[in-house]
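The file query08.csv comes next; it holds CSV, C-alpha atoms.
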chain,number,residue,atom,x,y,z
A,1,MET,CA,-2.7,219.9,209.7
A,2,PRO,CA,-6.0,221.6,210.8
A,3,SER,CA,-9.0,219.6,209.5
A,4,ALA,CA,-10.2,222.4,207.1
A,5,ARG,CA,-6.8,222.3,205.3
A,6,ARG,CA,-6.8,218.6,205.3
A,7,ALA,CA,-10.3,218.5,203.7
A,8,ASP,CA,-9.1,221.0,201.2
A,9,ALA,CA,-6.1,218.9,200.3
A,10,ARG,CA,-8.2,215.8,199.9
A,11,ARG,CA,-10.7,217.7,197.7
A,12,ASN,CA,-7.8,218.9,195.5
A,13,TYR,CA,-6.4,215.4,195.2
A,14,ASP,CA,-9.8,214.0,194.1
A,15,ILE,CA,-10.4,216.8,191.6
A,16,LEU,CA,-6.9,216.3,190.1
A,17,GLN,CA,-7.4,212.6,189.8
A,18,LEU,CA,-10.7,213.1,187.9
A,19,ALA,CA,-9.3,215.9,185.8
A,20,ALA,CA,-6.2,213.7,184.9
A,21,ARG,CA,-8.4,210.8,183.8
A,22,GLU,CA,-10.4,213.1,181.5
A,23,VAL,CA,-7.3,214.8,180.0
A,24,PHE,CA,-5.4,211.6,179.6
A,25,ASP,CA,-8.4,209.9,178.0
A,26,GLU,CA,-8.8,212.8,175.6
A,27,GLN,CA,-5.1,213.5,174.8
A,28,GLY,CA,-3.2,210.4,175.9
A,29,SER,CA,-1.1,210.1,179.1
A,30,ASP,CA,1.7,212.3,177.6
A,31,ALA,CA,-0.7,215.3,177.7
A,32,PRO,CA,0.7,218.6,179.3
A,33,LEU,CA,0.3,218.5,183.0
A,34,GLU,CA,-0.7,222.2,182.8
A,35,ASP,CA,-3.9,221.0,181.0
A,36,VAL,CA,-4.7,218.8,184.0
A,37,ALA,CA,-4.1,221.6,186.5
A,38,ARG,CA,-6.2,224.0,184.4
A,39,ARG,CA,-9.1,221.4,184.1
A,40,ALA,CA,-9.0,220.8,187.9
A,41,GLY,CA,-9.0,224.6,188.5
A,42,VAL,CA,-5.8,224.5,190.6
A,43,GLY,CA,-2.3,225.9,190.1
A,44,ASN,CA,0.7,223.8,188.8
A,45,ALA,CA,2.3,224.0,192.3
A,46,THR,CA,-0.7,222.3,193.8
A,47,LEU,CA,-0.6,219.6,191.2
A,48,TYR,CA,3.1,218.9,191.8
A,49,ARG,CA,2.6,219.0,195.6
A,50,HIS,CA,0.2,216.0,195.2
A,51,PHE,CA,1.9,214.2,192.3
A,52,ALA,CA,5.6,214.7,192.2
A,53,ALA,CA,5.9,212.8,188.8
A,54,ARG,CA,3.7,212.1,185.8
A,55,HIS,CA,3.6,208.4,186.5
A,56,GLU,CA,2.1,209.1,190.0
A,57,LEU,CA,-0.8,211.0,188.4
A,58,ILE,CA,-1.3,208.2,185.9
A,59,VAL,CA,-1.5,205.6,188.7
A,60,ALA,CA,-4.0,207.8,190.6
A,61,ALA,CA,-6.1,208.5,187.4
A,62,TYR,CA,-6.4,204.9,186.5
A,63,ALA,CA,-6.6,203.4,190.0
A,64,ASP,CA,-10.1,202.0,189.3
A,65,GLU,CA,-8.9,200.3,186.1
A,66,ALA,CA,-5.9,198.8,187.9
A,67,HIS,CA,-8.2,197.5,190.7
A,68,ALA,CA,-10.6,195.9,188.1
A,69,LEU,CA,-7.6,194.4,186.3
A,70,CYS,CA,-6.4,192.7,189.5
A,71,ALA,CA,-9.9,191.5,190.3
A,72,ARG,CA,-10.1,189.9,186.8
A,73,ALA,CA,-7.4,187.4,187.9
A,74,ALA,CA,-9.9,185.5,190.1
A,75,THR,CA,-12.4,185.2,187.3
A,76,LEU,CA,-9.8,184.1,184.7
A,77,ALA,CA,-8.4,181.5,187.2
A,78,ALA,CA,-11.8,180.1,187.9
A,79,ASP,CA,-12.7,179.8,184.2
A,80,ARG,CA,-9.5,178.6,182.5
A,81,PRO,CA,-6.5,176.2,182.8
A,82,PRO,CA,-3.7,177.9,184.8
A,83,ALA,CA,-1.4,178.8,181.9
A,84,ASP,CA,-4.3,180.1,179.9
A,85,ALA,CA,-5.5,182.3,182.8
A,86,LEU,CA,-1.9,183.6,183.3
A,87,PHE,CA,-1.5,184.7,179.7
A,88,ALA,CA,-5.0,186.0,179.3
A,89,TRP,CA,-4.3,188.2,182.3
A,90,LEU,CA,-0.9,189.3,180.8
A,91,HIS,CA,-2.8,190.3,177.6
A,92,GLU,CA,-5.1,192.5,179.7
A,93,PHE,CA,-2.0,193.9,181.6
A,94,VAL,CA,-0.5,194.9,178.2
A,95,ASP,CA,-3.9,196.6,177.3
A,96,HIS,CA,-3.7,198.4,180.7
A,97,LEU,CA,-0.1,199.6,180.1
A,98,GLY,CA,-0.6,200.3,176.4
A,99,PRO,CA,-1.4,204.0,176.4
A,100,LYS,CA,0.5,204.6,179.7
A,101,ARG,CA,4.0,204.9,178.3
A,102,ASP,CA,5.4,206.8,181.3
A,103,LEU,CA,4.1,204.2,183.7
A,104,THR,CA,5.5,201.4,181.6
A,105,LEU,CA,8.9,203.1,181.6
A,106,THR,CA,8.7,203.6,185.4
A,107,LEU,CA,8.0,199.9,185.8
A,108,LEU,CA,11.1,199.0,183.7
A,109,ALA,CA,13.3,201.6,185.5
A,110,ASP,CA,12.0,200.4,188.8
A,111,ARG,CA,11.6,203.9,190.2
A,112,ARG,CA,10.3,204.3,193.7
A,113,SER,CA,7.3,206.3,195.0
A,114,THR,CA,4.4,205.4,197.3
A,115,LEU,CA,1.7,205.6,194.6
A,116,PHE,CA,3.8,203.6,192.1
A,117,ASP,CA,4.7,201.0,194.7
A,118,ARG,CA,1.1,200.4,195.5
A,119,TRP,CA,0.3,199.8,191.8
A,120,HIS,CA,3.4,197.7,191.4
A,121,GLN,CA,2.7,195.5,194.4
A,122,ALA,CA,-0.9,194.9,193.1
A,123,MET,CA,0.4,193.9,189.7
A,124,LEU,CA,3.2,191.8,191.1
A,125,GLY,CA,0.9,190.0,193.5
A,126,THR,CA,-1.6,189.2,190.8
A,127,THR,CA,1.1,187.9,188.4
A,128,SER,CA,2.6,185.9,191.3
A,129,ALA,CA,-0.7,184.2,192.2
A,130,LEU,CA,-1.4,183.3,188.5
A,131,LEU,CA,2.1,182.2,187.8
A,132,THR,CA,2.4,180.0,191.0
A,133,ARG,CA,-0.8,178.3,190.0
A,134,ALA,CA,0.5,177.5,186.5
A,135,GLN,CA,3.9,176.4,187.8
A,136,ARG,CA,2.1,174.0,190.4
A,137,ALA,CA,0.2,172.6,187.5
A,138,ALA,CA,3.6,172.1,185.7
A,139,THR,CA,2.5,174.0,182.6
A,140,ILE,CA,4.9,176.9,183.0
A,141,ARG,CA,8.7,176.5,183.7
A,142,PRO,CA,9.3,176.6,187.5
A,143,ASP,CA,12.3,178.9,187.4
A,144,LEU,CA,10.4,181.9,186.1
A,145,LYS,CA,9.9,184.7,188.6
A,146,PRO,CA,6.8,187.1,188.7
A,147,ALA,CA,9.0,190.2,188.4
A,148,GLU,CA,10.8,188.8,185.3
A,149,LEU,CA,7.4,188.1,183.6
A,150,LEU,CA,6.2,191.7,184.4
A,151,LEU,CA,9.4,193.2,183.0
A,152,LEU,CA,9.2,191.2,179.8
A,153,THR,CA,5.5,192.0,179.4
A,154,ALA,CA,6.2,195.7,180.0
A,155,ALA,CA,8.8,195.6,177.1
A,156,ILE,CA,6.2,193.9,175.0
A,157,ALA,CA,3.7,196.7,175.8
A,158,LEU,CA,6.3,199.2,174.6
A,159,THR,CA,6.5,197.7,171.1
A,160,SER,CA,2.7,198.3,171.0
A,161,THR,CA,2.3,197.2,167.4
A,162,ASP,CA,1.7,193.5,167.9
A,163,ALA,CA,1.7,192.5,171.6
A,164,ASP,CA,-0.3,189.3,170.8
A,165,ARG,CA,2.5,187.9,168.7
A,166,LEU,CA,5.2,188.7,171.3
A,167,LEU,CA,3.1,187.3,174.2
A,168,ASP,CA,2.9,184.1,172.1
A,169,VAL,CA,6.7,184.1,171.9
A,170,LEU,CA,6.9,184.5,175.6
A,171,ARG,CA,4.3,181.8,176.2
A,172,THR,CA,6.1,179.3,173.9
A,173,GLY,CA,9.3,180.1,175.7
A,174,THR,CA,7.9,179.5,179.2
A,175,VAL,CA,5.6,176.6,178.6
A,176,MET,CA,6.8,173.2,180.0
A,177,PRO,CA,7.4,170.6,177.2
A,178,THR,CA,5.4,168.1,179.3
A,179,GLY,CA,2.6,170.5,180.0
A,180,VAL,CA,-0.8,171.0,178.4
A,181,PRO,CA,-0.2,172.6,174.9
A,182,PRO,CA,-1.6,176.2,174.8
A,183,ALA,CA,-5.3,176.3,173.8
A,184,ARG,CA,-5.5,178.7,170.8
B,1,MET,CA,34.0,228.4,164.3
B,2,PRO,CA,37.7,229.4,164.1
B,3,SER,CA,39.9,226.4,163.9
B,4,ALA,CA,41.6,227.0,167.2
B,5,ARG,CA,38.2,226.9,169.0
B,6,ARG,CA,37.3,223.8,167.0
B,7,ALA,CA,40.5,222.1,168.0
B,8,ASP,CA,39.8,223.0,171.6
B,9,ALA,CA,36.3,221.6,171.4
B,10,ARG,CA,37.6,218.4,169.9
B,11,ARG,CA,40.2,218.1,172.6
B,12,ASN,CA,37.6,218.6,175.4
B,13,TYR,CA,35.3,216.0,173.7
B,14,ASP,CA,38.2,213.4,173.6
B,15,ILE,CA,39.3,214.1,177.2
B,16,LEU,CA,35.7,213.9,178.5
B,17,GLN,CA,35.2,210.6,176.7
B,18,LEU,CA,38.3,209.1,178.3
B,19,ALA,CA,37.5,210.5,181.7
B,20,ALA,CA,33.9,209.1,181.5
B,21,ARG,CA,35.2,205.7,180.7
B,22,GLU,CA,37.6,205.7,183.7
B,23,VAL,CA,34.9,207.1,186.1
B,24,PHE,CA,32.2,204.7,184.8
B,25,ASP,CA,34.6,201.7,185.0
B,26,GLU,CA,35.4,202.6,188.6
B,27,GLN,CA,32.0,203.7,190.0
B,28,GLY,CA,29.5,202.4,187.5
B,29,SER,CA,27.6,204.4,184.8
B,30,ASP,CA,25.4,206.0,187.5
B,31,ALA,CA,28.5,207.9,188.8
B,32,PRO,CA,28.0,211.7,189.4
B,33,LEU,CA,28.7,213.6,186.1
B,34,GLU,CA,30.6,216.2,188.2
B,35,ASP,CA,33.2,213.5,188.9
B,36,VAL,CA,33.7,213.1,185.1
B,37,ALA,CA,34.0,216.8,184.6
B,38,ARG,CA,36.5,217.1,187.5
B,39,ARG,CA,38.6,214.1,186.1
B,40,ALA,CA,38.6,215.7,182.7
B,41,GLY,CA,39.6,219.1,184.2
B,42,VAL,CA,36.7,220.9,182.6
B,43,GLY,CA,33.6,222.7,184.0
B,44,ASN,CA,30.2,221.1,184.2
B,45,ALA,CA,28.9,223.5,181.6
B,46,THR,CA,31.5,222.2,179.1
B,47,LEU,CA,30.5,218.6,179.8
B,48,TYR,CA,26.8,219.4,179.2
B,49,ARG,CA,27.6,221.3,176.0
B,50,HIS,CA,29.2,218.2,174.6
B,51,PHE,CA,26.8,215.6,176.2
B,52,ALA,CA,23.3,216.8,176.8
B,53,ALA,CA,22.3,213.6,178.6
B,54,ARG,CA,24.0,210.8,180.6
B,55,HIS,CA,23.3,208.2,178.0
B,56,GLU,CA,25.2,210.2,175.4
B,57,LEU,CA,28.3,210.2,177.5
B,58,ILE,CA,27.8,206.4,178.0
B,59,VAL,CA,27.6,205.9,174.3
B,60,ALA,CA,30.8,208.0,173.7
B,61,ALA,CA,32.7,206.4,176.6
B,62,TYR,CA,32.0,202.9,175.3
B,63,ALA,CA,32.1,203.5,171.6
B,64,ASP,CA,35.1,201.1,171.2
B,65,GLU,CA,33.2,198.4,173.1
B,66,ALA,CA,30.1,198.9,170.9
B,67,HIS,CA,32.2,198.8,167.7
B,68,ALA,CA,33.9,195.5,168.8
B,69,LEU,CA,30.5,194.0,169.8
B,70,CYS,CA,29.1,194.7,166.3
B,71,ALA,CA,32.3,193.3,164.7
B,72,ARG,CA,31.9,190.1,166.7
B,73,ALA,CA,28.8,189.3,164.7
B,74,ALA,CA,30.8,188.3,161.6
B,75,THR,CA,33.0,185.9,163.6
B,76,LEU,CA,30.0,184.4,165.3
B,77,ALA,CA,28.1,184.0,162.0
B,78,ALA,CA,31.2,182.3,160.4
B,79,ASP,CA,31.6,179.9,163.3
B,80,ARG,CA,28.1,178.8,164.3
B,81,PRO,CA,24.7,177.8,162.9
B,82,PRO,CA,22.5,181.0,162.4
B,83,ALA,CA,20.3,180.7,165.5
B,84,ASP,CA,23.3,179.9,167.7
B,85,ALA,CA,25.2,182.9,166.3
B,86,LEU,CA,22.1,185.2,166.9
B,87,PHE,CA,21.7,184.2,170.5
B,88,ALA,CA,25.4,184.1,171.3
B,89,TRP,CA,25.5,187.7,170.1
B,90,LEU,CA,22.4,188.7,172.1
B,91,HIS,CA,24.2,187.2,175.2
B,92,GLU,CA,27.1,189.6,174.4
B,93,PHE,CA,24.7,192.5,173.9
B,94,VAL,CA,23.2,191.8,177.4
B,95,ASP,CA,26.8,191.9,178.8
B,96,HIS,CA,27.4,195.2,176.9
B,97,LEU,CA,24.1,196.7,178.3
B,98,GLY,CA,24.4,195.1,181.8
B,99,PRO,CA,26.2,197.9,183.7
B,100,LYS,CA,24.8,200.7,181.4
B,101,ARG,CA,21.4,201.0,183.0
B,102,ASP,CA,20.7,204.5,181.7
B,103,LEU,CA,21.5,203.5,178.1
B,104,THR,CA,19.3,200.4,178.4
B,105,LEU,CA,16.4,202.6,179.6
B,106,THR,CA,17.0,205.0,176.8
B,107,LEU,CA,16.8,202.1,174.3
B,108,LEU,CA,13.5,201.0,175.9
B,109,ALA,CA,12.1,204.6,175.9
B,110,ASP,CA,13.3,205.1,172.3
B,111,ARG,CA,14.6,208.6,173.1
B,112,ARG,CA,16.3,210.5,170.2
B,113,SER,CA,19.8,212.0,170.0
B,114,THR,CA,22.5,211.9,167.4
B,115,LEU,CA,25.0,209.8,169.6
B,116,PHE,CA,22.3,207.4,170.8
B,117,ASP,CA,20.9,207.0,167.2
B,118,ARG,CA,24.4,206.0,166.0
B,119,TRP,CA,24.7,203.4,168.7
B,120,HIS,CA,21.1,202.2,168.2
B,121,GLN,CA,21.5,201.9,164.4
B,122,ALA,CA,24.7,199.8,164.8
B,123,MET,CA,22.9,197.4,167.3
B,124,LEU,CA,19.8,197.3,165.2
B,125,GLY,CA,21.8,196.6,162.0
B,126,THR,CA,23.8,193.8,163.6
B,127,THR,CA,20.7,192.2,165.1
B,128,SER,CA,18.9,192.5,161.8
B,129,ALA,CA,21.8,190.8,159.9
B,130,LEU,CA,22.0,187.9,162.3
B,131,LEU,CA,18.2,187.5,162.6
B,132,THR,CA,17.6,187.5,158.9
B,133,ARG,CA,20.2,184.8,158.5
B,134,ALA,CA,18.5,182.6,161.1
B,135,GLN,CA,15.1,183.3,159.6
B,136,ARG,CA,16.4,182.3,156.1
B,137,ALA,CA,17.7,179.1,157.6
B,138,ALA,CA,14.1,178.6,159.0
B,139,THR,CA,15.5,178.2,162.5
B,140,ILE,CA,13.8,181.4,164.0
B,141,ARG,CA,10.2,182.3,163.5
B,142,PRO,CA,9.9,184.6,160.4
B,143,ASP,CA,7.5,187.2,161.9
B,144,LEU,CA,10.0,188.4,164.6
B,145,LYS,CA,11.4,191.9,164.0
B,146,PRO,CA,14.9,193.1,164.9
B,147,ALA,CA,13.6,196.0,167.0
B,148,GLU,CA,11.4,193.6,169.0
B,149,LEU,CA,14.3,191.3,169.7
B,150,LEU,CA,16.4,194.3,170.9
B,151,LEU,CA,13.6,195.6,173.2
B,152,LEU,CA,13.0,192.2,174.8
B,153,THR,CA,16.8,191.7,175.2
B,154,ALA,CA,17.0,195.1,176.8
B,155,ALA,CA,14.3,194.1,179.3
B,156,ILE,CA,16.3,191.0,180.0
B,157,ALA,CA,19.4,193.1,180.6
B,158,LEU,CA,17.4,195.1,183.2
B,159,THR,CA,16.7,192.0,185.3
B,160,SER,CA,20.5,191.5,185.5
B,161,THR,CA,20.3,188.5,187.9
B,162,ASP,CA,19.9,185.7,185.4
B,163,ALA,CA,20.0,186.9,181.8
B,164,ASP,CA,21.0,183.4,180.5
B,165,ARG,CA,17.8,181.8,181.7
B,166,LEU,CA,15.6,184.6,180.2
B,167,LEU,CA,17.5,184.5,176.9
B,168,ASP,CA,16.8,180.7,176.9
B,169,VAL,CA,13.1,181.6,177.4
B,170,LEU,CA,13.3,184.0,174.4
B,171,ARG,CA,15.1,181.4,172.3
B,172,THR,CA,12.7,178.6,173.0
B,173,GLY,CA,9.9,181.1,172.2
B,174,THR,CA,11.3,182.1,168.9
B,175,VAL,CA,12.8,178.9,167.6
B,176,MET,CA,10.9,177.2,164.7
B,177,PRO,CA,9.5,173.8,165.7
B,178,THR,CA,10.8,172.4,162.4
B,179,GLY,CA,14.2,174.0,162.9
B,180,VAL,CA,17.5,172.6,164.2
B,181,PRO,CA,17.1,172.3,168.0
B,182,PRO,CA,19.3,174.7,170.0
B,183,ALA,CA,22.8,173.3,170.6
B,184,ARG,CA,23.5,173.6,174.4
Structure re-expressed in structure tokens:
Amino acid sequence: MPSARRADARRNYDILQLAAREVFDEQGSDAPLEDVARRAGVGNATLYRHFAARHELIVAAYADEAHALCARAATLAADRPPADALFAWLHEFVDHLGPKRDLTLTLLADRRSTLFDRWHQAMLGTTSALLTRAQRAATIRPDLKPAELLLLTAAIALTSTDADRLLDVLRTGTVMPTGVPPAR
Amino acid sequence: MPSARRADARRNYDILQLAAREVFDEQGSDAPLEDVARRAGVGNATLYRHFAARHELIVAAYADEAHALCARAATLAADRPPADALFAWLHEFVDHLGPKRDLTLTLLADRRSTLFDRWHQAMLGTTSALLTRAQRAATIRPDLKPAELLLLTAAIALTSTDADRLLDVLRTGTVMPTGVPPAR
């Protein structure tokens, strides 16, 4: 691709990402994609060339939020006992997923795409680091896998009405009887 | 609709239902819908006129299985303590969902359609009956809702590799500390 066309494509990608964030923040992530294209001042074809599915546009629009969420894990791990850090992070993960229904369903359906995979690997890696730490401290049952915890948490995010209560169910179910009781 | 045309439509519906069951049993419920139409000896347009989405065809094809599953609740409730009956039924619900990925995702996405709603109401009603019984016996935490339990169980069905272990997590998380300990 000649560099002028490449620069143009990059510019469109950036503008779409910003426009999507604005439109999704205003109307929710189910907003018509036509509104995003219009806000960005590009055609629908250009939008779909960059983002083949709605969940890809959601991942791009909230890339900063996802990055900050993963970075929070280190702070939580430094400040709290391992199982507390894990479940505090899962609470924040539910808040991240909350209004992004299409992304949550993509996670549950395990669909593939480069942008989604990047987001998924970041979330899975963060969950894995926190979970492994809690399992080494013998506070969370050792047979639980990071991907299982992410799927169950995604299902909790879908209920949306009372994630705290269901995360409490999940925590009670995964805590080791011999471990430190959850601090509440 | 003249009665000859109505009888014809009914016949196509029944044949498609039987053909879908055969094809899904052989190839899984992700099988090409063209194979179902071909087996039934009807065109693709006829299939889509009767079943607008794959999950509707799955519901129709496995209507007998769903009916038997809901009927099992009474037997389980008669034979076992309430919480045992509930979780034994949820195990069977996972087995029902297991190979029906598209139906599971429809449940999680809470999509609407007449056929799906009929299936969904049956599953929700059964879960509700068993859960209420276990909550009255004070063996399961009283704040848990049938729809939440169904969503979490659907997420467990999606992991597919080890539903028993995750149902155990769910049970440990929902059992009342003062209740009868789970019989295993």
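Going from CA of Gln17 (chain B) over to CA of Gly41 (chain B), you cover 12.2 Å.
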Check: What is the distance, in Å and to one decimal place, between CA of Leu158 (chain A) and CA of Pro81 (chain A)?
Finding: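 Those two atoms sit 27.6 Å apart.
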Next item on the list: Please return, as a PyMOL selection string, all residues of chain A lying within 8 Å of chain B when all atoms listed in the file are considered.
Entry: chain A and resi 105+108-109+148+151-152+155-156+158-159+168-174
Any chance you could fit chain B onto chain A with least squares, all Cα atoms in order, and share the moved copy as a short mmCIF file (atom, residue, chain, number, x, y, z; two decimals) with C-alpha atoms, keeping the file's coordinate frame?
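Below is the file out_31.cif, written as the result:
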data_model
loop_
_atom_site.label_atom_id
_atom_site.label_comp_id
_atom_site.auth_asym_id
_atom_site.auth_seq_id
_atom_site.Cartn_x
_atom_site.Cartn_y
_atom_site.Cartn_z
CA MET B 1 -2.71 219.90 209.74
CA PRO B 2 -6.05 221.52 210.73
CA SER B 3 -8.94 219.56 209.44
CA ALA B 4 -10.18 222.25 207.13
CA ARG B 5 -6.79 222.29 205.31
CA ARG B 6 -6.85 218.50 205.24
CA ALA B 7 -10.29 218.47 203.73
CA ASP B 8 -9.12 220.97 201.14
CA ALA B 9 -6.11 218.86 200.29
CA ARG B 10 -8.28 215.81 199.91
CA ARG B 11 -10.66 217.68 197.69
CA ASN B 12 -7.82 218.94 195.41
CA TYR B 13 -6.38 215.36 195.26
CA ASP B 14 -9.84 213.94 194.16
CA ILE B 15 -10.45 216.73 191.60
CA LEU B 16 -6.93 216.37 190.13
CA GLN B 17 -7.42 212.62 189.82
CA LEU B 18 -10.66 213.06 187.90
CA ALA B 19 -9.29 215.82 185.75
CA ALA B 20 -6.18 213.69 184.89
CA ARG B 21 -8.35 210.85 183.82
CA GLU B 22 -10.44 213.08 181.48
CA VAL B 23 -7.30 214.82 180.03
CA PHE B 24 -5.40 211.51 179.61
CA ASP B 25 -8.45 209.82 178.00
CA GLU B 26 -8.73 212.69 175.54
CA GLN B 27 -5.07 213.47 174.70
CA GLY B 28 -3.17 210.45 175.90
CA SER B 29 -1.03 210.12 179.10
CA ASP B 30 1.69 212.31 177.54
CA ALA B 31 -0.72 215.32 177.71
CA PRO B 32 0.76 218.57 179.23
CA LEU B 33 0.31 218.48 183.07
CA GLU B 34 -0.71 222.18 182.86
CA ASP B 35 -3.85 221.05 181.01
CA VAL B 36 -4.71 218.79 184.02
CA ALA B 37 -4.11 221.57 186.46
CA ARG B 38 -6.23 224.01 184.38
CA ARG B 39 -9.11 221.37 184.09
CA ALA B 40 -8.97 220.81 187.81
CA GLY B 41 -8.97 224.60 188.46
CA VAL B 42 -5.83 224.46 190.56
CA GLY B 43 -2.29 225.88 190.12
CA ASN B 44 0.61 223.85 188.83
CA ALA B 45 2.27 224.05 192.21
CA THR B 46 -0.75 222.30 193.80
CA LEU B 47 -0.64 219.54 191.19
CA TYR B 48 3.09 218.93 191.84
CA ARG B 49 2.56 218.92 195.61
CA HIS B 50 0.13 216.08 195.23
CA PHE B 51 1.91 214.26 192.30
CA ALA B 52 5.63 214.67 192.18
CA ALA B 53 5.93 212.82 188.87
CA ARG B 54 3.73 212.08 185.81
CA HIS B 55 3.56 208.41 186.53
CA GLU B 56 2.04 209.09 189.93
CA LEU B 57 -0.80 211.00 188.41
CA ILE B 58 -1.23 208.10 185.89
CA VAL B 59 -1.44 205.64 188.71
CA ALA B 60 -4.05 207.81 190.59
CA ALA B 61 -6.07 208.57 187.44
CA TYR B 62 -6.37 204.88 186.58
CA ALA B 63 -6.59 203.38 190.01
CA ASP B 64 -10.12 201.99 189.28
CA GLU B 65 -8.82 200.38 186.08
CA ALA B 66 -5.87 198.81 187.96
CA HIS B 67 -8.16 197.53 190.75
CA ALA B 68 -10.54 195.90 188.17
CA LEU B 69 -7.57 194.38 186.26
CA CYS B 70 -6.30 192.70 189.47
CA ALA B 71 -9.86 191.51 190.29
CA ARG B 72 -10.13 189.93 186.86
CA ALA B 73 -7.49 187.42 187.86
CA ALA B 74 -9.90 185.45 190.07
CA THR B 75 -12.48 185.15 187.27
CA LEU B 76 -9.83 184.12 184.80
CA ALA B 77 -8.34 181.53 187.21
CA ALA B 78 -11.88 180.08 187.86
CA ASP B 79 -12.66 179.82 184.17
CA ARG B 80 -9.48 178.60 182.47
CA PRO B 81 -6.55 176.19 182.84
CA PRO B 82 -3.66 177.94 184.82
CA ALA B 83 -1.39 178.82 181.90
CA ASP B 84 -4.32 180.12 179.85
CA ALA B 85 -5.50 182.25 182.79
CA LEU B 86 -1.89 183.64 183.29
CA PHE B 87 -1.48 184.69 179.71
CA ALA B 88 -5.02 185.97 179.26
CA TRP B 89 -4.30 188.23 182.22
CA LEU B 90 -0.91 189.34 180.85
CA HIS B 91 -2.79 190.26 177.58
CA GLU B 92 -5.05 192.49 179.77
CA PHE B 93 -2.04 193.94 181.58
CA VAL B 94 -0.51 194.90 178.15
CA ASP B 95 -3.85 196.64 177.31
CA HIS B 96 -3.74 198.41 180.73
CA LEU B 97 -0.08 199.54 180.12
CA GLY B 98 -0.51 200.23 176.34
CA PRO B 99 -1.40 203.95 176.40
CA LYS B 100 0.48 204.61 179.73
CA ARG B 101 3.96 204.86 178.30
CA ASP B 102 5.42 206.79 181.23
CA LEU B 103 4.13 204.24 183.76
CA THR B 104 5.49 201.36 181.67
CA LEU B 105 8.93 203.05 181.63
CA THR B 106 8.75 203.61 185.32
CA LEU B 107 8.03 199.88 185.83
CA LEU B 108 11.05 199.04 183.65
CA ALA B 109 13.31 201.58 185.49
CA ASP B 110 12.01 200.33 188.86
CA ARG B 111 11.69 203.90 190.19
CA ARG B 112 10.31 204.28 193.77
CA SER B 113 7.30 206.26 195.02
CA THR B 114 4.47 205.45 197.35
CA LEU B 115 1.70 205.58 194.56
CA PHE B 116 3.79 203.62 192.05
CA ASP B 117 4.77 201.00 194.74
CA ARG B 118 1.05 200.43 195.47
CA TRP B 119 0.31 199.88 191.83
CA HIS B 120 3.45 197.74 191.32
CA GLN B 121 2.70 195.55 194.37
CA ALA B 122 -0.88 194.88 193.15
CA MET B 123 0.44 193.85 189.62
CA LEU B 124 3.25 191.86 191.09
CA GLY B 125 0.90 190.07 193.54
CA THR B 126 -1.61 189.19 190.84
CA THR B 127 1.09 187.94 188.48
CA SER B 128 2.65 185.94 191.27
CA ALA B 129 -0.71 184.28 192.16
CA LEU B 130 -1.46 183.30 188.60
CA LEU B 131 2.13 182.18 187.84
CA THR B 132 2.44 180.03 190.90
CA ARG B 133 -0.78 178.30 189.97
CA ALA B 134 0.50 177.51 186.47
CA GLN B 135 3.85 176.41 187.85
CA ARG B 136 2.08 174.04 190.34
CA ALA B 137 0.13 172.61 187.45
CA ALA B 138 3.58 172.06 185.74
CA THR B 139 2.39 173.99 182.69
CA ILE B 140 4.95 176.94 183.04
CA ARG B 141 8.61 176.49 183.67
CA PRO B 142 9.25 176.58 187.49
CA ASP B 143 12.33 178.88 187.46
CA LEU B 144 10.42 181.93 186.03
CA LYS B 145 9.91 184.77 188.53
CA PRO B 146 6.90 187.10 188.70
CA ALA B 147 9.04 190.23 188.41
CA GLU B 148 10.71 188.84 185.26
CA LEU B 149 7.38 188.10 183.65
CA LEU B 150 6.20 191.68 184.43
CA LEU B 151 9.40 193.27 183.00
CA LEU B 152 9.24 191.25 179.77
CA THR B 153 5.48 192.02 179.45
CA ALA B 154 6.26 195.67 179.97
CA ALA B 155 8.80 195.54 177.13
CA ILE B 156 6.15 193.93 175.02
CA ALA B 157 3.73 196.72 175.88
CA LEU B 158 6.35 199.23 174.64
CA THR B 159 6.41 197.70 171.15
CA SER B 160 2.63 198.36 171.00
CA THR B 161 2.25 197.20 167.35
CA ASP B 162 1.74 193.50 167.90
CA ALA B 163 1.68 192.54 171.57
CA ASP B 164 -0.26 189.28 170.84
CA ARG B 165 2.51 187.84 168.73
CA LEU B 166 5.23 188.73 171.33
CA LEU B 167 3.12 187.34 174.19
CA ASP B 168 2.84 184.11 172.08
CA VAL B 169 6.68 184.17 171.87
CA LEU B 170 6.86 184.53 175.69
CA ARG B 171 4.32 181.76 176.18
CA THR B 172 5.98 179.29 173.90
CA GLY B 173 9.25 180.16 175.71
CA THR B 174 7.91 179.53 179.12
CA VAL B 175 5.56 176.63 178.59
CA MET B 176 6.75 173.22 179.96
CA PRO B 177 7.32 170.68 177.18
CA THR B 178 5.47 168.10 179.28
CA GLY B 179 2.62 170.51 179.99
CA VAL B 180 -0.82 170.91 178.39
CA PRO B 181 -0.22 172.63 175.02
CA PRO B 182 -1.59 176.19 174.81
CA ALA B 183 -5.28 176.27 173.81
CA ARG B 184 -5.59 178.74 170.84
#
Item checked: Shortest interatomic distance to His67 (chain A) - which of A:Met123, A:Ala31, A:Val42, A:Ala20, counting all atoms listed in the file ->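 For His67 (chain A), the nearest of the given residues is A:Met123.
Put simply, CA of Gly28 (chain A) is 19.6 Å away from CA of Leu69 (chain A).
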Checklist line | Gly98 (chain B) environment, 8 Å, all atoms listed in the file, sequence neighbours closer than 2 positions dropped, as a list of chain:residue names | finding: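 Close residues of Gly98 (chain B): B:Val94, B:Asp95, B:His96, B:Lys100, B:Arg101, B:Ala157, B:Leu158, B:Ser160.
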